[in-house]
Amino acid sequence: MVAALLTAGVARLGWPVAGGLALQAGIVLLLVAAMRTHALPAHRTLADAGQPSPGRRPWARLLPFGLVLLVVYVIDSTVSAWSSVYLRQTLAASLTVAPLAYAAYQAGTVIGRAAADRLVQNLGAPTVVRGAALLAGSALAALAAAPSWPFAVLAAGAVGLGASVLAPLCLASAARLSPTAAEAVLARLNLFNYVGVVTGGAVSGLLGSTGHFRLAYAVPAALAVLVPAAARHFTRPSNPVRREVVPEAL
């Protein structure tokens with residue numbers, strides 16, 4: 001969010017791109033200087049050779065979560081990589097305005113992640129997954145049909161609000177499939193997000209380069225509509241022992 005707003009501010013002031021990048025690099029260096037290390041607990045050290053294997057069966061049980069995660073990262077990659085270009089080329093936004101869709105998307109992501117735990121406690125994970133997927137899909141459709149950049153910025157924020165909830169719920173629910181081998185399960189699940197990032201960025205870029213940026217957002221909107229079909233696989237922990245795995249997954 002800060003980087004996107006800084007980019008908009010630099011464009012507004014008429015600074016060269018190099019100046020804006022130097023400013024952002026300085027902020028990153030300050031963050032690095034402020035970092036502090038701490039020792040990991042003994043039970044969370046690097047991969048333990050004695051850790052149980054999840055075996056072959058979790059691959060089939062991981063599939064619903066993997067497909068949802070793939071859709072989430074297709075959405076994330078499409079909005080993150082191309083929303084500024086979409087506003088600039090398709091909606092004729094100025095260089096000052098173009099980064100605002102990404103800033104709004106990240107703001108929605110922060111709000112969605114912050115509210116997810118309370119929503120799951122009150123409504124249950126399946127209901128939250130269905131609602132979040134429908135919100136993300138509707139917002140993507142609105143983004144694809146946006147008549148002007150202010151409408152697109154609001155739609156991008158709504159996409160972040162819905163899509164951000166799905167990834168942590170995927171990780172938490174998948175970790176419960178095999179609580180004694182949660183790390184191995186999550187490592188397998190992460191393969192799907194790599195595919196989603198590559199697919200989303202490449203396909204949307206290809207469509208955008210041919211002048212079809214609206215279609216680039218309509219496609220993930222259609223994919224998001226399929227996510228509620230997997231909602232029944234998202235469950236809350238059934239006993240205190242399994243509940244301990246959830247914070248680690250999130």
# chains A, B, ... in the order shown; residues from 1 in each chain; ligands from 1

call {"tool": "residues_around", "arguments": {"residues": "stretch 67-71 of chain A", "least_positions_apart": "5", "cutoff": "8 Å", "atoms": "only C-alpha atoms", "output": "mmCIF file with C-alpha atoms, in the first residue's frame"}}
result
data_model
loop_
_atom_site.group_PDB
_atom_site.id
_atom_site.type_symbol
_atom_site.label_atom_id
_atom_site.label_comp_id
_atom_site.auth_asym_id
_atom_site.auth_seq_id
_atom_site.Cartn_x
_atom_site.Cartn_y
_atom_site.Cartn_z
ATOM 1 C CA LEU A 166 -9.442 -17.750 1.067
ATOM 2 C CA ALA A 167 -5.698 -18.462 1.175
ATOM 3 C CA CYS A 170 -6.990 -23.170 2.669
ATOM 4 C CA PHE A 192 -0.652 -24.802 -6.411
ATOM 5 C CA ASN A 193 0.043 -21.170 -5.594
ATOM 6 C CA TYR A 194 3.146 -21.172 -7.795
ATOM 7 C CA VAL A 195 1.035 -22.426 -10.694
ATOM 8 C CA GLY A 196 -1.572 -19.759 -9.954
ATOM 9 C CA VAL A 197 0.963 -16.914 -9.913
ATOM 10 C CA PRO A 220 -10.698 -15.047 -13.025
ATOM 11 C CA LEU A 223 -13.095 -19.056 -11.914
ATOM 12 C CA ALA A 224 -14.045 -17.506 -8.574
ATOM 13 C CA VAL A 227 -14.848 -21.857 -5.489
ATOM 14 C CA ALA A 230 -15.263 -26.656 -2.537
#

call {"tool": "residues_around", "arguments": {"residues": "A:Val225", "least_positions_apart": "4", "cutoff": "12 Å", "atoms": "only C-alpha atoms", "output": "list in words"}}
result
Val68, Val71, Val72, Val129, Arg130, Gly131, Ala132, Ala133, Leu134, Leu135, Ala136, Gly137, Ser138, Ala139, Leu140, Ala141, Ala163, Ala218, Val219, Pro220, Ala221, Ala229, Ala230 and Ala231 of chain A

call {"tool": "select_by_dssp", "arguments": {"residues": "stretch 49-247 of chain A", "states": "alpha helix (DSSP H)", "output": "ChimeraX atom specification"}}
result
/A:57-89,100-123,125-144,149-175,182-209,213-224,240-243,245-247

call {"tool": "closest_residue", "arguments": {"among": "A:Pro147, A:Ile75, A:Gly66, A:Leu161", "to": "A:Gly112", "atoms": "only C-alpha atoms"}}
result
A:Leu161

call {"tool": "atom_distance", "arguments": {"atom1": "atom CA of A:Ala107", "atom2": "atom CA of A:Ser83"}}
result
14.3 Å

call {"tool": "atom_distance", "arguments": {"atom1": "atom CA of A:Ala81", "atom2": "atom CA of A:Leu215"}}
result
15.1 Å
